[in-house]
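Novice: Sharing input32.pdb, PDB, C-alpha atoms, pLDDT in the B column:
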```
MODEL        1
ATOM      1  CA  MET A   1     184.040 112.141 136.776  1.00 43.00           C
ATOM      2  CA  ALA A   2     187.330 110.624 135.676  1.00 45.00           C
ATOM      3  CA  ASN A   3     188.030 112.525 132.461  1.00 53.00           C
ATOM      4  CA  HIS A   4     188.533 116.214 133.258  1.00 57.00           C
ATOM      5  CA  THR A   5     190.411 117.813 130.392  1.00 60.00           C
ATOM      6  CA  HIS A   6     189.833 121.489 131.227  1.00 71.00           C
ATOM      7  CA  ASP A   7     191.635 123.163 134.098  1.00 78.00           C
ATOM      8  CA  LEU A   8     188.899 124.774 136.196  1.00 80.00           C
ATOM      9  CA  SER A   9     191.415 126.934 138.072  1.00 77.00           C
ATOM     10  CA  LEU A  10     192.637 128.614 134.871  1.00 74.00           C
ATOM     11  CA  VAL A  11     192.244 132.403 135.110  1.00 72.00           C
ATOM     12  CA  THR A  12     192.027 134.267 131.813  1.00 64.00           C
ATOM     13  CA  ARG A  13     192.732 137.982 131.475  1.00 63.00           C
ATOM     14  CA  GLY A  14     192.717 138.419 135.229  1.00 67.00           C
ATOM     15  CA  HIS A  15     189.039 137.522 135.444  1.00 80.00           C
ATOM     16  CA  MET A  16     187.218 134.696 137.190  1.00 90.00           C
ATOM     17  CA  SER A  17     188.244 131.078 136.737  1.00 93.00           C
ATOM     18  CA  ASP A  18     185.680 128.361 135.939  1.00 94.00           C
ATOM     19  CA  ALA A  19     185.974 127.217 139.551  1.00 95.00           C
ATOM     20  CA  ASP A  20     185.199 130.767 140.740  1.00 96.00           C
ATOM     21  CA  ARG A  21     182.063 130.827 138.582  1.00 96.00           C
ATOM     22  CA  LEU A  22     180.906 127.450 139.874  1.00 97.00           C
ATOM     23  CA  MET A  23     181.669 128.491 143.466  1.00 97.00           C
ATOM     24  CA  ASP A  24     179.649 131.672 142.965  1.00 97.00           C
ATOM     25  CA  CYS A  25     176.669 129.630 141.771  1.00 97.00           C
ATOM     26  CA  LEU A  26     177.099 127.263 144.719  1.00 98.00           C
ATOM     27  CA  SER A  27     177.047 130.178 147.191  1.00 98.00           C
ATOM     28  CA  SER A  28     173.933 131.570 145.502  1.00 98.00           C
ATOM     29  CA  ALA A  29     172.243 128.155 145.596  1.00 98.00           C
ATOM     30  CA  LYS A  30     172.873 127.927 149.356  1.00 98.00           C
ATOM     31  CA  GLU A  31     171.502 131.429 149.935  1.00 98.00           C
ATOM     32  CA  ARG A  32     168.424 130.707 147.810  1.00 98.00           C
ATOM     33  CA  ALA A  33     167.775 127.405 149.604  1.00 98.00           C
ATOM     34  CA  MET A  34     167.805 129.269 152.928  1.00 98.00           C
ATOM     35  CA  LEU A  35     165.607 132.028 151.476  1.00 98.00           C
ATOM     36  CA  TYR A  36     162.952 129.508 150.383  1.00 98.00           C
ATOM     37  CA  ALA A  37     163.106 127.635 153.695  1.00 97.00           C
ATOM     38  CA  ARG A  38     162.578 130.921 155.592  1.00 98.00           C
ATOM     39  CA  SER A  39     159.809 131.896 153.174  1.00 97.00           C
ATOM     40  CA  ALA A  40     157.970 128.613 153.799  1.00 97.00           C
ATOM     41  CA  LEU A  41     158.181 129.220 157.542  1.00 96.00           C
ATOM     42  CA  GLU A  42     156.500 132.629 157.168  1.00 95.00           C
ATOM     43  CA  CYS A  43     153.601 131.354 155.031  1.00 95.00           C
ATOM     44  CA  THR A  44     149.988 131.526 156.145  1.00 92.00           C
ATOM     45  CA  ASN A  45     148.525 129.653 153.172  1.00 91.00           C
ATOM     46  CA  ASN A  46     149.446 125.986 153.026  1.00 90.00           C
ATOM     47  CA  GLY A  47     149.501 126.007 149.212  1.00 91.00           C
ATOM     48  CA  VAL A  48     152.075 128.809 149.176  1.00 94.00           C
ATOM     49  CA  ARG A  49     154.047 127.006 151.867  1.00 94.00           C
ATOM     50  CA  GLU A  50     154.169 123.886 149.694  1.00 94.00           C
ATOM     51  CA  PHE A  51     155.217 126.064 146.752  1.00 95.00           C
ATOM     52  CA  PHE A  52     158.220 127.432 148.655  1.00 97.00           C
ATOM     53  CA  LEU A  53     159.122 124.020 150.061  1.00 96.00           C
ATOM     54  CA  ALA A  54     159.195 122.651 146.494  1.00 96.00           C
ATOM     55  CA  LEU A  55     161.524 125.482 145.446  1.00 97.00           C
ATOM     56  CA  HIS A  56     163.648 124.786 148.520  1.00 97.00           C
ATOM     57  CA  GLY A  57     163.909 121.118 147.497  1.00 96.00           C
ATOM     58  CA  GLU A  58     164.939 122.036 143.962  1.00 95.00           C
ATOM     59  CA  GLU A  59     167.547 124.470 145.193  1.00 97.00           C
ATOM     60  CA  THR A  60     169.134 121.986 147.594  1.00 97.00           C
ATOM     61  CA  TYR A  61     169.359 119.633 144.602  1.00 96.00           C
ATOM     62  CA  HIS A  62     171.229 122.350 142.644  1.00 95.00           C
ATOM     63  CA  GLN A  63     173.506 122.848 145.611  1.00 97.00           C
ATOM     64  CA  GLU A  64     174.215 119.106 145.756  1.00 97.00           C
ATOM     65  CA  ILE A  65     175.102 118.972 142.050  1.00 97.00           C
ATOM     66  CA  LEU A  66     177.379 122.014 142.231  1.00 97.00           C
ATOM     67  CA  PHE A  67     179.095 120.803 145.392  1.00 97.00           C
ATOM     68  CA  SER A  68     179.660 117.366 143.881  1.00 97.00           C
ATOM     69  CA  PHE A  69     181.012 118.933 140.669  1.00 97.00           C
ATOM     70  CA  LEU A  70     183.579 120.967 142.609  1.00 97.00           C
ATOM     71  CA  HIS A  71     184.299 118.339 145.255  1.00 97.00           C
ATOM     72  CA  THR A  72     185.114 115.558 142.778  1.00 96.00           C
ATOM     73  CA  ARG A  73     187.517 117.921 140.992  1.00 95.00           C
ATOM     74  CA  GLY A  74     189.288 118.904 144.212  1.00 95.00           C
ATOM     75  CA  PHE A  75     187.993 122.484 144.428  1.00 95.00           C
ATOM     76  CA  TYR A  76     185.911 121.929 147.565  1.00 96.00           C
ATOM     77  CA  PRO A  77     188.019 119.768 149.881  1.00 95.00           C
ATOM     78  CA  THR A  78     186.383 118.322 152.988  1.00 95.00           C
ATOM     79  CA  GLU A  79     188.101 116.859 156.012  1.00 96.00           C
ATOM     80  CA  MET A  80     187.063 113.604 157.685  1.00 96.00           C
ATOM     81  CA  VAL A  81     186.654 113.673 161.446  1.00 96.00           C
ATOM     82  CA  THR A  82     188.710 111.354 163.631  1.00 97.00           C
ATOM     83  CA  GLN A  83     187.123 108.624 165.766  1.00 97.00           C
ATOM     84  CA  ASP A  84     188.453 110.388 168.872  1.00 97.00           C
ATOM     85  CA  ARG A  85     186.457 113.524 168.081  1.00 97.00           C
ATOM     86  CA  ILE A  86     183.262 111.457 167.628  1.00 97.00           C
ATOM     87  CA  LYS A  87     183.936 109.669 170.903  1.00 97.00           C
ATOM     88  CA  GLU A  88     184.430 112.988 172.699  1.00 98.00           C
ATOM     89  CA  VAL A  89     181.110 114.428 171.485  1.00 97.00           C
ATOM     90  CA  ARG A  90     179.222 111.175 172.121  1.00 97.00           C
ATOM     91  CA  GLN A  91     180.556 110.993 175.668  1.00 97.00           C
ATOM     92  CA  ARG A  92     179.581 114.601 176.413  1.00 97.00           C
ATOM     93  CA  TYR A  93     175.974 114.160 175.297  1.00 96.00           C
ATOM     94  CA  HIS A  94     175.627 110.745 176.907  1.00 95.00           C
ATOM     95  CA  GLU A  95     176.524 112.432 180.189  1.00 96.00           C
ATOM     96  CA  ILE A  96     173.948 115.205 179.647  1.00 96.00           C
ATOM     97  CA  HIS A  97     171.313 112.624 178.695  1.00 93.00           C
ATOM     98  CA  ASN A  98     172.043 110.586 181.820  1.00 93.00           C
ATOM     99  CA  GLN A  99     171.919 113.675 184.053  1.00 94.00           C
ATOM    100  CA  MET A 100     168.427 114.464 182.750  1.00 94.00           C
ATOM    101  CA  GLY A 101     167.168 111.137 184.091  1.00 91.00           C
ATOM    102  CA  LEU A 102     165.123 110.263 181.014  1.00 87.00           C
ATOM    103  CA  THR A 103     163.897 106.781 181.848  1.00 85.00           C
ATOM    104  CA  ASP A 104     160.783 106.462 179.624  1.00 85.00           C
ATOM    105  CA  ASN A 105     160.994 105.878 175.894  1.00 85.00           C
ATOM    106  CA  PRO A 106     159.917 108.895 173.821  1.00 82.00           C
ATOM    107  CA  SER A 107     156.330 108.721 172.588  1.00 80.00           C
ATOM    108  CA  PHE A 108     155.229 109.003 168.975  1.00 75.00           C
ATOM    109  CA  ARG A 109     152.458 111.536 169.657  1.00 74.00           C
ATOM    110  CA  ARG A 110     152.019 114.137 166.950  1.00 72.00           C
ATOM    111  CA  TYR A 111     150.036 117.311 166.769  1.00 70.00           C
ATOM    112  CA  GLN A 112     147.604 117.492 163.885  1.00 69.00           C
ATOM    113  CA  THR A 113     148.385 120.015 161.174  1.00 65.00           C
ATOM    114  CA  ALA A 114     146.520 123.279 160.806  1.00 61.00           C
ATOM    115  CA  ASP A 115     144.596 122.018 157.759  1.00 61.00           C
ATOM    116  CA  PRO A 116     140.842 122.353 158.314  1.00 58.00           C
ATOM    117  CA  PHE A 117     139.123 119.015 158.749  1.00 59.00           C
ATOM    118  CA  LEU A 118     136.570 120.111 156.160  1.00 57.00           C
ATOM    119  CA  PRO A 119     137.258 122.409 153.187  1.00 56.00           C
ATOM    120  CA  PRO A 120     136.622 126.128 153.850  1.00 54.00           C
ATOM    121  CA  ALA A 121     133.470 126.093 151.710  1.00 55.00           C
ATOM    122  CA  ALA A 122     131.882 123.588 154.102  1.00 51.00           C
ATOM    123  CA  ALA A 123     133.014 125.627 157.089  1.00 49.00           C
ATOM    124  CA  GLU A 124     131.287 128.705 155.691  1.00 52.00           C
ATOM    125  CA  GLN A 125     127.845 127.093 155.783  1.00 52.00           C
ATOM    126  CA  ASP A 126     127.467 127.555 159.508  1.00 50.00           C
ATOM    127  CA  ASP A 127     128.889 130.595 161.333  1.00 49.00           C
ATOM    128  CA  ARG A 128     129.043 128.629 164.555  1.00 46.00           C
ATOM    129  CA  TYR A 129     130.968 125.788 162.946  1.00 44.00           C
ATOM    130  CA  ASP A 130     134.300 125.142 164.599  1.00 50.00           C
ATOM    131  CA  TYR A 131     136.332 122.667 162.565  1.00 45.00           C
ATOM    132  CA  LYS A 132     138.751 122.071 165.418  1.00 50.00           C
ATOM    133  CA  SER A 133     136.072 120.445 167.532  1.00 50.00           C
ATOM    134  CA  ASP A 134     135.199 118.080 164.685  1.00 48.00           C
ATOM    135  CA  ARG A 135     138.607 116.492 164.479  1.00 47.00           C
ATOM    136  CA  HIS A 136     139.314 112.882 165.317  1.00 44.00           C
TER     137      HIS A 136
ATOM    138  CA  MET B   1     149.063 128.575 159.921  1.00 49.00           C
ATOM    139  CA  GLU B   2     145.913 128.370 157.833  1.00 52.00           C
ATOM    140  CA  HIS B   3     143.343 131.137 157.585  1.00 55.00           C
ATOM    141  CA  SER B   4     140.531 130.543 160.066  1.00 58.00           C
ATOM    142  CA  ALA B   5     137.067 129.725 158.700  1.00 58.00           C
ATOM    143  CA  ARG B   6     135.891 133.212 159.738  1.00 59.00           C
ATOM    144  CA  GLU B   7     138.817 134.935 157.976  1.00 58.00           C
ATOM    145  CA  VAL B   8     138.143 132.964 154.813  1.00 56.00           C
ATOM    146  CA  ALA B   9     134.454 133.810 154.970  1.00 56.00           C
ATOM    147  CA  ALA B  10     135.332 137.503 155.430  1.00 57.00           C
ATOM    148  CA  LEU B  11     137.493 137.320 152.279  1.00 56.00           C
ATOM    149  CA  GLY B  12     134.596 135.984 150.235  1.00 59.00           C
ATOM    150  CA  GLY B  13     135.650 132.353 150.607  1.00 60.00           C
ATOM    151  CA  GLU B  14     139.094 132.835 149.081  1.00 71.00           C
ATOM    152  CA  HIS B  15     142.562 132.504 150.531  1.00 80.00           C
ATOM    153  CA  ARG B  16     144.596 135.595 149.606  1.00 86.00           C
ATOM    154  CA  LEU B  17     148.341 136.165 149.497  1.00 91.00           C
ATOM    155  CA  THR B  18     149.653 137.802 152.676  1.00 93.00           C
ATOM    156  CA  GLU B  19     152.160 140.679 152.824  1.00 95.00           C
ATOM    157  CA  ALA B  20     154.863 138.314 154.139  1.00 96.00           C
ATOM    158  CA  GLU B  21     154.205 135.853 151.302  1.00 95.00           C
ATOM    159  CA  LEU B  22     154.334 138.607 148.671  1.00 95.00           C
ATOM    160  CA  LEU B  23     157.635 139.864 150.107  1.00 97.00           C
ATOM    161  CA  ALA B  24     159.007 136.305 149.944  1.00 97.00           C
ATOM    162  CA  VAL B  25     157.930 136.013 146.290  1.00 97.00           C
ATOM    163  CA  ARG B  26     159.635 139.337 145.523  1.00 98.00           C
ATOM    164  CA  HIS B  27     162.870 138.202 147.158  1.00 98.00           C
ATOM    165  CA  GLY B  28     162.615 134.901 145.290  1.00 98.00           C
ATOM    166  CA  LEU B  29     162.100 136.688 141.969  1.00 98.00           C
ATOM    167  CA  ASP B  30     165.053 139.026 142.624  1.00 98.00           C
ATOM    168  CA  SER B  31     167.278 136.057 143.359  1.00 98.00           C
ATOM    169  CA  GLU B  32     166.051 133.980 140.393  1.00 98.00           C
ATOM    170  CA  VAL B  33     166.468 136.855 137.920  1.00 98.00           C
ATOM    171  CA  LEU B  34     170.034 137.450 139.114  1.00 98.00           C
ATOM    172  CA  GLY B  35     170.698 133.683 139.007  1.00 97.00           C
ATOM    173  CA  LEU B  36     169.401 133.499 135.445  1.00 98.00           C
ATOM    174  CA  LYS B  37     171.593 136.416 134.313  1.00 98.00           C
ATOM    175  CA  LYS B  38     174.659 134.885 135.975  1.00 97.00           C
ATOM    176  CA  CYS B  39     174.094 131.442 134.475  1.00 97.00           C
ATOM    177  CA  LEU B  40     173.628 132.828 130.952  1.00 97.00           C
ATOM    178  CA  HIS B  41     176.727 134.991 131.328  1.00 97.00           C
ATOM    179  CA  TYR B  42     178.857 132.205 132.819  1.00 97.00           C
ATOM    180  CA  ALA B  43     177.714 129.741 130.133  1.00 97.00           C
ATOM    181  CA  GLN B  44     179.236 132.052 127.535  1.00 96.00           C
ATOM    182  CA  GLU B  45     182.487 132.587 129.421  1.00 93.00           C
ATOM    183  CA  VAL B  46     183.227 129.159 130.881  1.00 94.00           C
ATOM    184  CA  GLY B  47     185.882 126.961 129.252  1.00 92.00           C
ATOM    185  CA  ASP B  48     184.840 123.568 130.661  1.00 93.00           C
ATOM    186  CA  GLY B  49     182.192 121.859 128.512  1.00 95.00           C
ATOM    187  CA  GLN B  50     180.468 120.055 131.393  1.00 95.00           C
ATOM    188  CA  ALA B  51     180.312 123.250 133.429  1.00 96.00           C
ATOM    189  CA  ARG B  52     178.800 125.039 130.418  1.00 97.00           C
ATOM    190  CA  GLU B  53     176.043 122.412 130.196  1.00 97.00           C
ATOM    191  CA  LEU B  54     175.408 122.801 133.912  1.00 96.00           C
ATOM    192  CA  PHE B  55     175.081 126.591 133.639  1.00 97.00           C
ATOM    193  CA  ARG B  56     172.684 126.246 130.700  1.00 97.00           C
ATOM    194  CA  GLU B  57     170.567 123.702 132.573  1.00 97.00           C
ATOM    195  CA  PHE B  58     170.436 125.908 135.675  1.00 97.00           C
ATOM    196  CA  ALA B  59     169.531 128.928 133.525  1.00 97.00           C
ATOM    197  CA  ASP B  60     166.486 126.972 132.304  1.00 97.00           C
ATOM    198  CA  HIS B  61     165.559 126.140 135.905  1.00 96.00           C
ATOM    199  CA  HIS B  62     165.777 129.798 136.961  1.00 97.00           C
ATOM    200  CA  HIS B  63     163.680 130.787 133.950  1.00 97.00           C
ATOM    201  CA  ARG B  64     161.026 128.193 134.817  1.00 96.00           C
ATOM    202  CA  ARG B  65     160.867 129.334 138.442  1.00 96.00           C
ATOM    203  CA  ILE B  66     160.435 132.962 137.405  1.00 97.00           C
ATOM    204  CA  ASP B  67     157.503 131.816 135.258  1.00 95.00           C
ATOM    205  CA  MET B  68     156.094 129.859 138.224  1.00 94.00           C
ATOM    206  CA  MET B  69     156.256 132.820 140.585  1.00 95.00           C
ATOM    207  CA  LEU B  70     154.700 135.136 138.005  1.00 95.00           C
ATOM    208  CA  ALA B  71     151.920 132.576 137.526  1.00 92.00           C
ATOM    209  CA  LEU B  72     151.387 132.627 141.297  1.00 93.00           C
ATOM    210  CA  LEU B  73     151.017 136.413 141.208  1.00 93.00           C
ATOM    211  CA  ASP B  74     148.556 136.107 138.314  1.00 89.00           C
ATOM    212  CA  ALA B  75     146.279 133.976 140.513  1.00 76.00           C
ATOM    213  CA  PRO B  76     142.686 135.000 139.815  1.00 77.00           C
ATOM    214  CA  GLY B  77     141.165 133.544 142.984  1.00 79.00           C
ATOM    215  CA  ASP B  78     142.130 131.241 145.830  1.00 87.00           C
ATOM    216  CA  ILE B  79     145.916 131.448 146.255  1.00 90.00           C
ATOM    217  CA  THR B  80     146.226 128.001 147.836  1.00 88.00           C
ATOM    218  CA  LYS B  81     144.530 126.348 144.848  1.00 87.00           C
ATOM    219  CA  GLN B  82     146.590 128.434 142.425  1.00 88.00           C
ATOM    220  CA  ALA B  83     149.880 127.591 144.182  1.00 90.00           C
ATOM    221  CA  LYS B  84     149.084 123.876 143.991  1.00 89.00           C
ATOM    222  CA  LEU B  85     148.051 124.229 140.349  1.00 89.00           C
ATOM    223  CA  VAL B  86     151.309 126.008 139.460  1.00 91.00           C
ATOM    224  CA  LEU B  87     153.295 123.257 141.176  1.00 90.00           C
ATOM    225  CA  GLN B  88     151.320 120.510 139.399  1.00 89.00           C
ATOM    226  CA  ASN B  89     151.835 122.173 136.016  1.00 88.00           C
ATOM    227  CA  ALA B  90     155.559 122.563 136.664  1.00 86.00           C
ATOM    228  CA  GLN B  91     155.830 118.903 137.669  1.00 83.00           C
ATOM    229  CA  ALA B  92     153.859 117.798 134.613  1.00 85.00           C
ATOM    230  CA  GLN B  93     156.062 119.871 132.309  1.00 80.00           C
ATOM    231  CA  GLY B  94     159.188 118.520 134.016  1.00 72.00           C
ATOM    232  CA  GLY B  95     157.868 114.976 133.553  1.00 62.00           C
ATOM    233  CA  ASN B  96     157.177 115.556 129.864  1.00 58.00           C
ATOM    234  CA  ARG B  97     160.596 117.096 129.342  1.00 53.00           C
ATOM    235  CA  HIS B  98     162.467 114.231 131.010  1.00 48.00           C
ATOM    236  CA  GLY B  99     160.111 111.498 129.921  1.00 37.00           C
TER     237      GLY B  99
ENDMDL
END
```
Please express what this file holds, its structure, as structure tokens.
Specialist:
Amino acid sequence: MANHTHDLSLVTRGHMSDADRLMDCLSSAKERAMLYARSALECTNNGVREFFLALHGEETYHQEILFSFLHTRGFYPTEMVTQDRIKEVRQRYHEIHNQMGLTDNPSFRRYQTADPFLPPAAAEQDDRYDYKSDRH
Amino acid sequence: MEHSAREVAALGGEHRLTEAELLAVRHGLDSEVLGLKKCLHYAQEVGDGQARELFREFADHHHRRIDMMLALLDAPGDITKQAKLVLQNAQAQGGNRHG
């Protein structure tokens, strides 16, 4: 983004500048991304959950584009952290980790998802069928 | 997370939208409609050409998502199948548009 001819901070007739408009869309994109993430967490149906997660992914992509647009033009400055600050945080959590006495490596065990092992139509055939007991 | 086999059987073999899911769709639609209005309005007002293109592109995205959520509400049967179908159609259309 080297050739920026228009001044995004220009305010006409006392209204919003271009940067204000972009910032407004960025704020909305963040809110919507959080809305879709929360929505996915409240879903009962896995298909609907996937639907909201897809919308969440799209919205975080919008947010990334808008942030980058403003950031590269100097309207969303970010500050780099110093090495001392990183060292301070690392030291604090190393101490906590050591105090917990965690000697074994963490395992890679995972719970299975809530998806039925067989499709619901197959589960319907027998009232006594319990798909959970049929899992590997 | 998923309906139990008994719940599904009680619903006639179909997964239905829950109250929480419907509320989430309503909130999503409210937000997308407002986003669409803003993007169309800002695209007219903005002075920067690249920003204008961005607003127009995002307006199309909001419009598409409104269509997707309405399609979800139009689901005739199993909501899980319909949600996956809506997503597949959206991805296919996106692929055709960019491809």
Novice: So which one's closest to B:Ser31, B:Ala90, B:Ile79, B:Arg65, B:Ala71? Using all atoms listed in the file, please.
Specialist: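 Under the stated criterion, the closest residue is B:Arg65.
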Novice: For the structure shown, which residues end up in the PyMOL selection byres ((chain A and resi 44) around 9)? Put them as a CSV table (one decimal) with C-alpha atoms, in the coordinates of the input, please?
Specialist:
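Listing of selection_3.csv after writing:
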```csv
chain,number,residue,atom,x,y,z
A,40,ALA,CA,158.0,128.6,153.8
A,41,LEU,CA,158.2,129.2,157.5
A,42,GLU,CA,156.5,132.6,157.2
A,43,CYS,CA,153.6,131.4,155.0
A,45,ASN,CA,148.5,129.7,153.2
A,46,ASN,CA,149.4,126.0,153.0
A,47,GLY,CA,149.5,126.0,149.2
A,48,VAL,CA,152.1,128.8,149.2
A,49,ARG,CA,154.0,127.0,151.9
B,1,MET,CA,149.1,128.6,159.9
B,2,GLU,CA,145.9,128.4,157.8
B,3,HIS,CA,143.3,131.1,157.6
B,17,LEU,CA,148.3,136.2,149.5
B,18,THR,CA,149.7,137.8,152.7
B,20,ALA,CA,154.9,138.3,154.1
B,21,GLU,CA,154.2,135.9,151.3
```
Novice: Report, in Å with one decimal, the straight-line distance from atom CA of A:Thr60 to atom CA of B:Leu23.
Specialist: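 Between atom CA of A:Thr60 and atom CA of B:Leu23 the gap works out to 21.4 Å.
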Novice: Of the residues B:Met68, B:Leu40, B:Ala24, B:Ala59, which is the one nearest to chain A, using only C-alpha atoms?
Specialist: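 Looking only at the distances to chain A, the closest residue turns out to be B:Ala24.
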Novice: Could you list the residues in chain B lying within 9 Å of chain A, using only C-alpha atoms, and format the result as a PyMOL selection string?
Specialist: chain B and resi 1-6+8-9+13-18+20-21+23-25+27-28+31-32+35+38-39+42+45-49+51+54-55+58+65+72+79-84+86-87
Novice: What's the separation between atom CA of B:Val33 and atom CA of B:Gln50, in Å to one decimal place?
Specialist: 22.8 Å
Novice: Can you measure atom CA of A:Thr82 to atom CA of A:Leu102 for me? One decimal in Å is fine.
Specialist: 29.3 Å
Novice: Work out where the centre of an axis-aligned box around every listed atom of stretch 15-32 of chain A lies and how long its edges are once 6 Å is added on each side; give both in Å to one decimal as JSON.
Specialist:
```
{"center_x": 178.7, "center_y": 132.4, "center_z": 142.7, "size_x": 32.6, "size_y": 22.3, "size_z": 26.5}
```
Novice: Starting from the PyMOL selection byres ((chain A and resi 75-79) around 10), expand the selection into actual residues of this file and give them as an mmCIF file with C-alpha atoms, in the coordinates of the input.
Specialist:
```cif
data_model
loop_
_atom_site.group_PDB
_atom_site.id
_atom_site.type_symbol
_atom_site.label_atom_id
_atom_site.label_comp_id
_atom_site.auth_asym_id
_atom_site.auth_seq_id
_atom_site.Cartn_x
_atom_site.Cartn_y
_atom_site.Cartn_z
ATOM 1 C CA LEU A 8 188.899 124.774 136.196
ATOM 2 C CA SER A 9 191.415 126.934 138.072
ATOM 3 C CA ALA A 19 185.974 127.217 139.551
ATOM 4 C CA ASP A 20 185.199 130.767 140.740
ATOM 5 C CA LEU A 22 180.906 127.450 139.874
ATOM 6 C CA MET A 23 181.669 128.491 143.466
ATOM 7 C CA PHE A 67 179.095 120.803 145.392
ATOM 8 C CA SER A 68 179.660 117.366 143.881
ATOM 9 C CA PHE A 69 181.012 118.933 140.669
ATOM 10 C CA LEU A 70 183.579 120.967 142.609
ATOM 11 C CA HIS A 71 184.299 118.339 145.255
ATOM 12 C CA THR A 72 185.114 115.558 142.778
ATOM 13 C CA ARG A 73 187.517 117.921 140.992
ATOM 14 C CA GLY A 74 189.288 118.904 144.212
ATOM 15 C CA MET A 80 187.063 113.604 157.685
ATOM 16 C CA VAL A 81 186.654 113.673 161.446
ATOM 17 C CA THR A 82 188.710 111.354 163.631
#
```
Novice: Just checking: using only C-alpha atoms, which residue out of B:Gly77, B:Ala43, B:Gln88, B:Asp30 ends up closest to B:Asp60?
Specialist: B:Ala43
Novice: Measuring between only C-alpha atoms, which one of A:Tyr111, A:Tyr61, A:Asn98, A:Val89 shows the shortest distance to A:Lys30?
Specialist: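 Ranked by minimum distance to A:Lys30, first place goes to A:Tyr61.
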